[in-house]
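Peer 1: Structure file upload28.cif (mmCIF, C-alpha atoms and all ligand atoms) right here:
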```
data_upload
loop_
_atom_site.label_atom_id
_atom_site.label_comp_id
_atom_site.auth_asym_id
_atom_site.auth_seq_id
_atom_site.Cartn_x
_atom_site.Cartn_y
_atom_site.Cartn_z
CA MET A 1046 26.54 21.09 -28.50
CA ILE A 1047 27.83 18.83 -25.76
CA LYS A 1048 31.35 18.17 -24.47
CA ILE A 1049 32.55 14.67 -23.70
CA ARG A 1050 35.78 13.69 -21.97
CA VAL A 1051 37.70 11.22 -24.18
CA ASN A 1052 41.35 10.22 -23.69
CA ASP A 1053 43.19 13.44 -22.70
CA ILE A 1054 40.70 15.88 -24.27
CA GLU A 1055 37.15 17.20 -24.18
CA ILE A 1056 35.42 16.58 -27.51
CA ALA A 1057 32.75 19.05 -28.62
CA CYS A 1058 30.02 17.20 -30.46
CA ARG A 1059 26.39 17.11 -31.50
CA ASP A 1060 24.27 13.99 -31.12
CA GLU A 1061 20.80 14.53 -32.55
CA GLY A 1062 17.95 12.46 -33.94
CA ALA A 1063 17.39 8.72 -33.55
CA GLY A 1064 17.98 5.53 -35.52
CA SER A 1065 21.17 4.19 -37.04
CA ALA A 1066 24.20 6.37 -36.35
CA LEU A 1067 25.55 8.63 -39.09
CA VAL A 1068 28.80 10.36 -38.10
CA PHE A 1069 30.19 13.34 -40.04
CA LEU A 1070 33.93 14.03 -39.86
CA HIS A 1071 35.20 17.42 -40.95
CA ALA A 1072 38.07 18.60 -43.16
CA PHE A 1073 41.16 20.67 -42.31
CA PRO A 1074 41.34 23.46 -41.10
CA LEU A 1075 37.64 23.65 -40.33
CA ASP A 1076 35.16 22.43 -37.73
CA GLN A 1077 31.92 20.50 -37.39
CA SER A 1078 29.80 23.50 -38.39
CA ILE A 1079 30.59 22.65 -42.02
CA TRP A 1080 27.99 19.89 -41.59
CA ASN A 1081 25.10 22.14 -40.48
CA GLU A 1082 23.14 21.53 -43.69
CA GLN A 1083 23.64 17.77 -43.37
CA VAL A 1084 22.59 17.75 -39.71
CA ALA A 1085 19.37 19.54 -40.66
CA ALA A 1086 18.69 17.20 -43.60
CA PHE A 1087 19.47 13.84 -41.96
CA THR A 1088 18.32 14.28 -38.35
CA PRO A 1089 14.72 13.31 -39.17
CA ASP A 1090 15.85 9.82 -40.28
CA TYR A 1091 19.14 9.08 -38.52
CA ARG A 1092 21.02 9.57 -35.29
CA VAL A 1093 23.39 12.27 -36.55
CA ILE A 1094 26.69 12.82 -34.77
CA THR A 1095 29.23 15.50 -35.61
CA CYS A 1096 32.38 16.35 -33.70
CA ASP A 1097 35.39 18.64 -33.81
CA TRP A 1098 38.71 16.87 -34.25
CA ARG A 1099 41.34 17.42 -31.55
CA GLY A 1100 42.27 21.12 -31.39
CA PHE A 1101 39.56 22.29 -33.79
CA GLY A 1102 36.30 24.09 -32.99
CA GLY A 1103 35.36 23.47 -29.37
CA THR A 1104 37.57 20.38 -28.83
CA SER A 1105 40.71 20.80 -26.76
CA LEU A 1106 44.11 20.05 -28.28
CA GLY A 1107 45.41 17.87 -25.44
CA SER A 1108 48.98 16.71 -25.22
CA ARG A 1109 49.07 13.68 -27.54
CA PRO A 1110 50.50 14.31 -31.00
CA PRO A 1111 47.38 14.62 -33.18
CA GLY A 1112 48.29 12.07 -35.83
CA MET A 1113 45.59 10.14 -37.62
CA ASP A 1114 45.92 7.21 -35.18
CA THR A 1115 45.19 9.58 -32.32
CA PHE A 1116 42.17 10.88 -34.23
CA ALA A 1117 41.02 7.26 -34.65
CA GLU A 1118 41.39 6.59 -30.92
CA ASP A 1119 39.50 9.79 -30.12
CA LEU A 1120 36.66 8.75 -32.43
CA ALA A 1121 36.51 5.25 -30.91
CA GLY A 1122 36.40 6.79 -27.42
CA LEU A 1123 33.66 9.20 -28.47
CA LEU A 1124 31.53 6.38 -29.93
CA ASP A 1125 32.05 4.37 -26.74
CA ALA A 1126 30.97 7.34 -24.62
CA LEU A 1127 27.85 7.76 -26.78
CA ASN A 1128 27.11 4.01 -26.66
CA VAL A 1129 27.38 3.68 -30.43
CA GLU A 1130 28.64 0.23 -31.37
CA ARG A 1131 28.55 0.67 -35.18
CA ALA A 1132 28.13 3.74 -37.35
CA THR A 1133 28.15 4.98 -40.91
CA LEU A 1134 31.07 7.40 -41.33
CA CYS A 1135 30.83 10.31 -43.76
CA ALA A 1136 34.29 11.82 -43.94
CA LEU A 1137 35.64 14.82 -45.83
CA SER A 1138 39.32 15.11 -46.76
CA MET A 1139 41.34 15.06 -43.49
CA GLY A 1140 38.26 13.44 -41.98
CA GLY A 1141 38.89 10.67 -44.52
CA TYR A 1142 42.52 10.31 -43.42
CA GLY A 1143 41.28 9.85 -39.84
CA THR A 1144 38.61 7.44 -41.08
CA PHE A 1145 41.15 5.21 -42.83
CA ALA A 1146 43.14 5.04 -39.57
CA PHE A 1147 39.89 4.20 -37.74
CA TYR A 1148 38.93 1.55 -40.31
CA ARG A 1149 42.33 -0.12 -40.01
CA ARG A 1150 41.80 -0.66 -36.30
CA PHE A 1151 38.05 -0.80 -35.85
CA ALA A 1152 36.58 -2.04 -39.17
CA GLU A 1153 33.89 -4.01 -37.33
CA ARG A 1154 32.47 -0.72 -36.01
CA VAL A 1155 31.90 0.75 -39.49
CA GLU A 1156 28.57 0.04 -41.17
CA ALA A 1157 29.10 2.02 -44.37
CA LEU A 1158 31.55 4.62 -45.64
CA ILE A 1159 31.19 7.90 -47.50
CA LEU A 1160 34.60 9.16 -48.57
CA CYS A 1161 34.42 12.74 -49.84
CA ASP A 1162 37.25 14.62 -51.52
CA THR A 1163 39.87 12.51 -49.82
CA ARG A 1164 42.69 10.16 -50.71
CA ALA A 1165 44.20 6.94 -49.39
CA THR A 1166 47.75 7.77 -50.49
CA PRO A 1167 50.26 9.44 -48.13
CA ASP A 1168 52.00 12.77 -48.79
CA THR A 1169 54.96 12.90 -51.12
CA GLU A 1170 58.26 14.05 -49.60
CA GLU A 1171 57.66 17.46 -51.16
CA GLY A 1172 54.12 17.55 -49.75
CA LYS A 1173 55.41 16.72 -46.26
CA SER A 1174 58.02 19.43 -46.45
CA ASN A 1175 55.42 21.99 -47.63
CA ARG A 1176 53.17 21.09 -44.70
CA ARG A 1177 56.02 21.50 -42.19
CA GLN A 1178 56.92 24.88 -43.64
CA LEU A 1179 53.27 25.97 -43.54
CA ALA A 1180 53.02 24.80 -39.91
CA ALA A 1181 55.99 26.98 -38.96
CA ARG A 1182 54.50 29.97 -40.79
CA VAL A 1183 51.11 29.51 -39.11
CA LEU A 1184 52.69 29.40 -35.65
CA GLU A 1185 54.32 32.75 -36.43
CA GLY A 1186 51.57 34.46 -38.39
CA GLY A 1187 48.36 32.86 -37.08
CA PRO A 1188 45.46 31.16 -38.89
CA LEU A 1189 45.17 33.85 -41.56
CA VAL A 1190 48.35 32.45 -43.09
CA VAL A 1191 46.62 29.16 -43.80
CA ALA A 1192 43.45 30.90 -45.01
CA GLU A 1193 45.54 32.80 -47.54
CA ALA A 1194 47.44 29.69 -48.59
CA MET A 1195 44.38 27.45 -48.92
CA MET A 1196 41.20 29.36 -49.74
CA THR A 1197 41.53 29.03 -53.49
CA LYS A 1198 42.23 25.31 -53.09
CA LEU A 1199 39.43 24.58 -50.63
CA LEU A 1200 36.70 26.12 -52.76
CA GLY A 1201 35.93 25.54 -56.41
CA ALA A 1202 36.13 28.21 -59.09
CA THR A 1203 32.33 28.52 -59.23
CA THR A 1204 32.04 29.08 -55.49
CA LEU A 1205 34.90 31.59 -55.46
CA ALA A 1206 33.18 33.56 -58.23
CA GLU A 1207 29.52 33.20 -57.32
CA ARG A 1208 28.98 32.18 -53.68
CA PRO A 1209 30.47 34.92 -51.46
CA ALA A 1210 28.56 33.71 -48.39
CA VAL A 1211 30.29 30.32 -48.59
CA VAL A 1212 33.70 32.00 -48.99
CA ALA A 1213 33.00 34.19 -45.94
CA ARG A 1214 31.83 31.21 -43.90
CA VAL A 1215 34.98 29.19 -44.60
CA GLN A 1216 37.19 32.24 -43.92
CA ALA A 1217 35.45 32.83 -40.56
CA ILE A 1218 35.92 29.20 -39.46
CA ILE A 1219 39.63 29.27 -40.32
CA GLU A 1220 40.16 32.61 -38.57
CA ALA A 1221 38.59 31.20 -35.40
CA THR A 1222 40.87 28.13 -35.39
CA SER A 1223 43.95 28.07 -33.17
CA ALA A 1224 47.33 28.25 -34.86
CA GLU A 1225 48.60 25.45 -32.59
CA ALA A 1226 45.83 23.11 -33.72
CA ILE A 1227 46.45 23.92 -37.37
CA ALA A 1228 50.19 23.34 -37.04
CA ALA A 1229 49.69 20.11 -35.11
CA ALA A 1230 47.24 18.74 -37.70
CA LEU A 1231 49.61 19.69 -40.53
CA HIS A 1232 52.31 17.57 -38.86
CA GLY A 1233 49.73 14.82 -38.27
CA MET A 1234 48.69 14.76 -41.93
CA ALA A 1235 52.31 14.81 -43.09
CA GLY A 1236 53.00 11.71 -41.00
CA ARG A 1237 49.94 9.74 -42.04
CA ALA A 1238 50.27 6.17 -43.26
CA ASP A 1239 49.59 4.89 -46.74
CA SER A 1240 46.04 3.47 -46.63
CA THR A 1241 45.87 2.15 -50.18
CA ASP A 1242 46.34 -1.42 -48.88
CA LEU A 1243 42.96 -1.13 -47.13
CA LEU A 1244 40.92 -0.30 -50.21
CA GLY A 1245 40.61 -3.79 -51.76
CA GLY A 1246 39.42 -5.23 -48.43
CA ILE A 1247 36.62 -2.74 -47.81
CA ASN A 1248 33.57 -5.01 -47.70
CA ILE A 1249 30.85 -2.58 -46.62
CA PRO A 1250 28.72 -0.23 -48.76
CA THR A 1251 30.92 2.68 -49.82
CA LEU A 1252 30.28 5.91 -51.67
CA VAL A 1253 33.14 7.99 -53.04
CA LEU A 1254 32.10 11.59 -53.69
CA VAL A 1255 34.16 14.40 -55.19
CA GLY A 1256 33.61 17.97 -56.35
CA GLU A 1257 34.14 18.40 -60.08
CA GLU A 1258 36.33 21.48 -59.46
CA ASP A 1259 38.35 20.00 -56.59
CA THR A 1260 42.04 20.72 -57.24
CA LEU A 1261 43.31 19.33 -53.91
CA THR A 1262 41.91 15.83 -54.46
CA PRO A 1263 40.84 15.97 -58.11
CA PRO A 1264 38.19 13.67 -59.58
CA GLU A 1265 40.83 11.58 -61.43
CA GLU A 1266 42.42 10.75 -58.10
CA ALA A 1267 39.09 10.06 -56.39
CA GLU A 1268 38.13 7.80 -59.28
CA ARG A 1269 41.40 5.86 -58.98
CA MET A 1270 40.70 5.33 -55.29
CA ALA A 1271 37.11 4.31 -56.01
CA GLN A 1272 38.21 1.75 -58.60
CA ALA A 1273 40.18 -0.08 -55.91
CA ILE A 1274 37.13 -0.48 -53.60
CA PRO A 1275 34.87 -3.48 -54.40
CA GLY A 1276 31.25 -2.59 -55.21
CA VAL A 1277 31.78 1.13 -54.69
CA ARG A 1278 29.45 3.88 -55.86
CA TYR A 1279 31.25 6.89 -57.33
CA GLU A 1280 29.69 10.34 -57.84
CA ILE A 1281 30.98 13.71 -59.05
CA ILE A 1282 29.27 16.89 -57.82
CA PRO A 1283 29.29 19.53 -60.56
CA GLU A 1284 30.22 23.16 -59.83
CA ALA A 1285 31.78 22.31 -56.48
CA GLY A 1286 35.38 22.16 -55.29
CA HIS A 1287 36.96 20.46 -52.26
CA LEU A 1288 34.03 21.17 -49.90
CA PRO A 1289 30.96 20.04 -51.89
CA ASN A 1290 28.78 19.64 -48.78
CA LEU A 1291 29.11 23.40 -48.23
CA GLU A 1292 29.29 24.48 -51.85
CA ARG A 1293 26.32 22.47 -53.15
CA PRO A 1294 24.55 21.16 -50.03
CA ASP A 1295 21.32 20.18 -51.78
CA GLU A 1296 23.10 18.07 -54.39
CA PHE A 1297 25.42 16.57 -51.77
CA ASN A 1298 22.45 15.67 -49.56
CA ARG A 1299 20.54 14.19 -52.49
CA LEU A 1300 23.43 11.87 -53.39
CA LEU A 1301 24.06 10.93 -49.78
CA ALA A 1302 20.38 10.20 -49.12
CA GLY A 1303 20.17 8.06 -52.27
CA PHE A 1304 23.21 6.03 -51.19
CA LEU A 1305 21.96 5.58 -47.63
CA LYS A 1306 18.57 4.36 -48.83
CA SER A 1307 20.07 1.98 -51.40
CA ARG A 1308 22.16 -0.01 -48.92
C1 LIG B 1401 41.47 18.97 -45.91
O1 LIG B 1401 40.63 19.54 -46.60
O2 LIG B 1401 41.17 18.28 -44.94
C2 LIG B 1401 42.91 19.16 -46.27
O3 LIG B 1401 43.01 20.13 -47.22
C3 LIG B 1401 43.51 17.89 -46.71
C4 LIG B 1401 44.94 18.02 -47.10
O4 LIG B 1401 45.52 19.12 -46.99
O5 LIG B 1401 45.52 17.01 -47.49
#
```
Re-express the file's structure as structure tokens.
Peer 2:
Amino acid sequence: MIKIRVNDIEIACRDEGAGSALVFLHAFPLDQSIWNEQVAAFTPDYRVITCDWRGFGGTSLGSRPPGMDTFAEDLAGLLDALNVERATLCALSMGGYGTFAFYRRFAERVEALILCDTRATPDTEEGKSNRRQLAARVLEGGPLVVAEAMMTKLLGATTLAERPAVVARVQAIIEATSAEAIAAALHGMAGRADSTDLLGGINIPTLVLVGEEDTLTPPEEAERMAQAIPGVRYEIIPEAGHLPNLERPDEFNRLLAGFLKSR
């Protein structure tokens, strides 16, 4: 793990392997360790970069409001610091929200896209209000509040019933996350822009992946998003929920490797 000064923060990241750059962007309220199985699988063939978003894992929170545009600027600054001109972005959920903001501003820097369990639409008014209430509760009660509120949504029914090690791993990451970062990201996600206007103009190889048991961004929604992207590949991962890279890493890696080789 290295730390790199970008904008007003220090970003914790890994930069391993050699070749074309493959950047993994994590979901809320987690950190880059959710990509450990992908780092191990793809480092032999690619330059693999993972990082913690502002406030998460080992990255400082800084003073800028952590909206998705700030995430995009942080990512651009990180790629500059690592001398990466163009990269393939593999983004999960909130990582996808940040990726859409990045694509809007820096499309020429994106070689290919993997959009996992994410959506291009903004929050509804009710969704925004729920996030703001959850942010207030987390600031009072700490990260366990969000673990309780989200665990059964983050993981699929099969994982909750049969993969206790994955449940424990996700719980431990959330418990180690700062309440301030969680609250700030909740406000950031609530304020994110509608990215559906970008979809029809995406002209690079794109894979949309979703867990069959994802209830946060269900397959029907992922499929609708995929249908708006020209030439997209769309895959469903059986027996996985919102975090298929953790729940079924071998299947996730197989699909990702197949896509990367087919470009
Ligand atoms: C995530 O997994 O990043 C979040 O659950 C996304 C969201 O809450 O919209």
Peer 1: As a list of chain:residue names, please: the residues near segment 1201-1203 of chain A (cut-off 7 Å, only C-alpha atoms, same-chain neighbours under 2 positions excluded).
Peer 2: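 Close residues of segment 1201-1203 of chain A: A:Leu1199, A:Leu1205, A:Ala1206, A:Glu1207, A:Glu1258, A:Asp1259, A:Glu1284, A:Ala1285, A:Gly1286, A:His1287.
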Peer 1: Suppose you want the space between atom CA of Asp1162 of chain A and atom CA of Ala1267 of chain A; what is it in Å?
Peer 2: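 So the answer is 6.9 Å.
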Peer 1: Using all atoms listed in the file, which of A:Glu1265, A:Asp1076, A:Asp1060, A:Glu1292 sits nearest ligand LIG 1401 (chain B)?
Peer 2: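 Once distances to ligand LIG 1401 (chain B) are computed over all atoms listed in the file, the minimum belongs to A:Asp1076.
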Peer 1: Can I get the residues of chain A within 9 Å of ligand LIG 1401 (chain B), each with the closest pair of atoms and their distance in Å to one decimal, using all atoms listed in the file, sorted chain first then ascending number, as a Markdown table?
Peer 2:
```
| residue | atom | partner | partner_atom | distance |
| --- | --- | --- | --- | --- |
| A:His1071 | CA | B:LIG1401 | O2 | 7.2 |
| A:Ala1072 | CA | B:LIG1401 | O2 | 3.6 |
| A:Phe1073 | CA | B:LIG1401 | O2 | 3.6 |
| A:Pro1074 | CA | B:LIG1401 | O2 | 6.5 |
| A:Leu1075 | CA | B:LIG1401 | O2 | 7.9 |
| A:Leu1137 | CA | B:LIG1401 | O2 | 6.6 |
| A:Ser1138 | CA | B:LIG1401 | O2 | 4.1 |
| A:Met1139 | CA | B:LIG1401 | O2 | 3.5 |
| A:Gly1140 | CA | B:LIG1401 | O2 | 6.4 |
| A:Gly1141 | CA | B:LIG1401 | O2 | 8.0 |
| A:Tyr1142 | CA | B:LIG1401 | O2 | 8.2 |
| A:Asp1162 | CA | B:LIG1401 | O1 | 7.7 |
| A:Thr1163 | CA | B:LIG1401 | C3 | 7.2 |
| A:Arg1164 | CA | B:LIG1401 | O5 | 8.1 |
| A:Pro1167 | CA | B:LIG1401 | O5 | 9.0 |
| A:Asp1168 | CA | B:LIG1401 | O5 | 7.9 |
| A:Gly1172 | CA | B:LIG1401 | O5 | 8.9 |
| A:Arg1176 | CA | B:LIG1401 | O4 | 8.2 |
| A:Met1195 | CA | B:LIG1401 | O3 | 7.6 |
| A:Lys1198 | CA | B:LIG1401 | O3 | 7.9 |
| A:Leu1199 | CA | B:LIG1401 | O1 | 6.6 |
| A:Leu1231 | CA | B:LIG1401 | O4 | 7.7 |
| A:Met1234 | CA | B:LIG1401 | O5 | 6.8 |
| A:Ala1235 | CA | B:LIG1401 | O5 | 8.4 |
| A:Leu1261 | CA | B:LIG1401 | O3 | 6.7 |
| A:Thr1262 | CA | B:LIG1401 | O5 | 7.9 |
| A:His1287 | CA | B:LIG1401 | O1 | 6.8 |
| A:Leu1288 | CA | B:LIG1401 | O1 | 7.6 |
```
Peer 1: Could you dump the residues just selected with C-alpha atoms as a tab-separated table (two decimals), keeping the file's coordinate frame?
Peer 2:
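Result file follows (out11.tsv):
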```tsv
chain	number	residue	atom	x	y	z
A	1071	HIS	CA	35.20	17.42	-40.95
A	1072	ALA	CA	38.07	18.60	-43.16
A	1073	PHE	CA	41.16	20.67	-42.31
A	1074	PRO	CA	41.34	23.46	-41.10
A	1075	LEU	CA	37.64	23.65	-40.33
A	1137	LEU	CA	35.64	14.82	-45.83
A	1138	SER	CA	39.32	15.11	-46.76
A	1139	MET	CA	41.34	15.06	-43.49
A	1140	GLY	CA	38.26	13.44	-41.98
A	1141	GLY	CA	38.89	10.67	-44.52
A	1142	TYR	CA	42.52	10.31	-43.42
A	1162	ASP	CA	37.25	14.62	-51.52
A	1163	THR	CA	39.87	12.51	-49.82
A	1164	ARG	CA	42.69	10.16	-50.71
A	1167	PRO	CA	50.26	9.44	-48.13
A	1168	ASP	CA	52.00	12.77	-48.79
A	1172	GLY	CA	54.12	17.55	-49.75
A	1176	ARG	CA	53.17	21.09	-44.70
A	1195	MET	CA	44.38	27.45	-48.92
A	1198	LYS	CA	42.23	25.31	-53.09
A	1199	LEU	CA	39.43	24.58	-50.63
A	1231	LEU	CA	49.61	19.69	-40.53
A	1234	MET	CA	48.69	14.76	-41.93
A	1235	ALA	CA	52.31	14.81	-43.09
A	1261	LEU	CA	43.31	19.33	-53.91
A	1262	THR	CA	41.91	15.83	-54.46
A	1287	HIS	CA	36.96	20.46	-52.26
A	1288	LEU	CA	34.03	21.17	-49.90
```
Peer 1: Might you pull out every residue within 6 Å of segment 1243-1252 of chain A, with only C-alpha atoms counted and same-chain residues fewer than 2 positions away left off, and present them as an NGL selection string?
Peer 2: :A and (1157-1159 or 1240-1241 or 1273-1274 or 1277-1279)
Peer 1: So, counting all atoms listed in the file, which residue among A:Asp1097, A:Asp1114, A:Glu1082, A:Glu1130 is closest to Phe1147 of chain A?
Peer 2: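 Using all atoms listed in the file, the shortest distance to Phe1147 of chain A belongs to A:Asp1114.
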Peer 1: Using all atoms listed in the file, collect all residues at a distance of at most 9 Å from (28.1, -0.1, -34.1) as written in the file, then present them as an MDAnalysis selection string.
Peer 2: chainID A and resid 1065:1066 1124 1128:1133 1153:1156
Peer 1: Taking only C-alpha atoms into account, name the residue in A:Val1183, A:Leu1127, A:Ile1227, A:Leu1189 that is nearest to Arg1059 of chain A.
Peer 2: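 Under the stated criterion, the closest residue is A:Leu1127.
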Peer 1: At what distance in Å, to one decimal, does atom CA of Arg1308 of chain A lie from atom CA of Pro1294 of chain A?
Peer 2: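 Atom-to-atom, atom CA of Pro1294 of chain A to atom CA of Arg1308 of chain A, that is 21.3 Å.
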Peer 1: Missing atoms in segment 1073-1083 of chain A: fill them in up to all heavy atoms and send the result as a CSV table (one decimal), in the coordinates of the input.
Peer 2:
```csv
chain,number,residue,atom,x,y,z
A,1073,PHE,N,40.2,19.7,-42.8
A,1073,PHE,CA,41.2,20.7,-42.3
A,1073,PHE,C,41.1,22.0,-43.1
A,1073,PHE,O,40.9,21.9,-44.3
A,1073,PHE,CB,42.6,20.0,-42.5
A,1073,PHE,CG,43.7,21.0,-42.2
A,1073,PHE,CD1,44.3,21.1,-41.0
A,1073,PHE,CD2,44.2,21.8,-43.3
A,1073,PHE,CE1,45.3,22.0,-40.8
A,1073,PHE,CE2,45.3,22.6,-43.1
A,1073,PHE,CZ,45.8,22.7,-41.8
A,1074,PRO,N,41.2,23.1,-42.5
A,1074,PRO,CA,41.3,23.5,-41.1
A,1074,PRO,C,40.0,24.0,-40.6
A,1074,PRO,O,39.9,25.2,-40.3
A,1074,PRO,CB,42.4,24.5,-41.1
A,1074,PRO,CG,42.2,25.2,-42.5
A,1074,PRO,CD,41.5,24.3,-43.4
A,1075,LEU,N,39.0,23.2,-40.5
A,1075,LEU,CA,37.6,23.6,-40.3
A,1075,LEU,C,37.1,23.1,-39.0
A,1075,LEU,O,37.8,22.7,-38.1
A,1075,LEU,CB,36.8,23.3,-41.6
A,1075,LEU,CG,37.4,23.8,-42.9
A,1075,LEU,CD1,36.7,23.3,-44.1
A,1075,LEU,CD2,37.4,25.4,-42.9
A,1076,ASP,N,35.8,23.0,-38.9
A,1076,ASP,CA,35.2,22.4,-37.7
A,1076,ASP,C,33.8,21.8,-38.1
A,1076,ASP,O,33.4,21.8,-39.3
A,1076,ASP,CB,35.0,23.4,-36.6
A,1076,ASP,CG,34.1,24.6,-36.9
A,1076,ASP,OD1,33.1,24.4,-37.7
A,1076,ASP,OD2,34.2,25.7,-36.3
A,1077,GLN,N,33.1,21.3,-37.1
A,1077,GLN,CA,31.9,20.5,-37.4
A,1077,GLN,C,30.8,21.4,-37.9
A,1077,GLN,O,29.8,20.8,-38.5
A,1077,GLN,CB,31.5,19.8,-36.1
A,1077,GLN,CG,31.1,20.6,-35.0
A,1077,GLN,CD,30.7,19.8,-33.8
A,1077,GLN,OE1,29.8,19.0,-33.8
A,1077,GLN,NE2,31.4,20.1,-32.7
A,1078,SER,N,30.9,22.7,-37.9
A,1078,SER,CA,29.8,23.5,-38.4
A,1078,SER,C,29.7,23.4,-39.9
A,1078,SER,O,28.7,23.8,-40.5
A,1078,SER,CB,30.0,25.0,-38.0
A,1078,SER,OG,31.0,25.6,-38.7
A,1079,ILE,N,30.7,22.8,-40.6
A,1079,ILE,CA,30.6,22.6,-42.0
A,1079,ILE,C,29.5,21.6,-42.4
A,1079,ILE,O,29.1,21.5,-43.5
A,1079,ILE,CB,31.9,22.2,-42.7
A,1079,ILE,CG1,32.3,20.8,-42.3
A,1079,ILE,CG2,33.0,23.2,-42.5
A,1079,ILE,CD1,33.4,20.2,-43.2
A,1080,TRP,N,29.0,20.9,-41.3
A,1080,TRP,CA,28.0,19.9,-41.6
A,1080,TRP,C,26.6,20.4,-41.2
A,1080,TRP,O,25.7,19.5,-41.2
A,1080,TRP,CB,28.3,18.6,-40.8
A,1080,TRP,CG,29.6,18.0,-41.2
A,1080,TRP,CD1,30.7,17.8,-40.4
A,1080,TRP,CD2,30.0,17.3,-42.4
A,1080,TRP,NE1,31.7,17.2,-41.0
A,1080,TRP,CE2,31.3,16.8,-42.3
A,1080,TRP,CE3,29.3,17.1,-43.6
A,1080,TRP,CZ2,31.9,16.2,-43.3
A,1080,TRP,CZ3,30.0,16.4,-44.7
A,1080,TRP,CH2,31.3,16.0,-44.5
A,1081,ASN,N,26.4,21.7,-40.9
A,1081,ASN,CA,25.1,22.1,-40.5
A,1081,ASN,C,24.0,21.7,-41.4
A,1081,ASN,O,22.9,21.3,-41.0
A,1081,ASN,CB,25.1,23.7,-40.3
A,1081,ASN,CG,25.9,24.1,-39.1
A,1081,ASN,OD1,26.3,23.3,-38.3
A,1081,ASN,ND2,26.1,25.4,-39.0
A,1082,GLU,N,24.2,21.9,-42.7
A,1082,GLU,CA,23.1,21.5,-43.7
A,1082,GLU,C,22.8,20.0,-43.7
A,1082,GLU,O,21.7,19.6,-44.0
A,1082,GLU,CB,23.5,22.0,-45.1
A,1082,GLU,CG,23.4,23.5,-45.3
A,1082,GLU,CD,24.6,24.3,-44.8
A,1082,GLU,OE1,25.5,23.7,-44.2
A,1082,GLU,OE2,24.6,25.5,-44.9
A,1083,GLN,N,23.9,19.2,-43.4
A,1083,GLN,CA,23.6,17.8,-43.4
A,1083,GLN,C,22.9,17.4,-42.1
A,1083,GLN,O,22.1,16.5,-42.1
A,1083,GLN,CB,25.0,17.0,-43.5
A,1083,GLN,CG,25.5,17.0,-44.9
A,1083,GLN,CD,26.0,18.4,-45.4
A,1083,GLN,OE1,26.7,19.1,-44.7
A,1083,GLN,NE2,25.7,18.8,-46.6
```
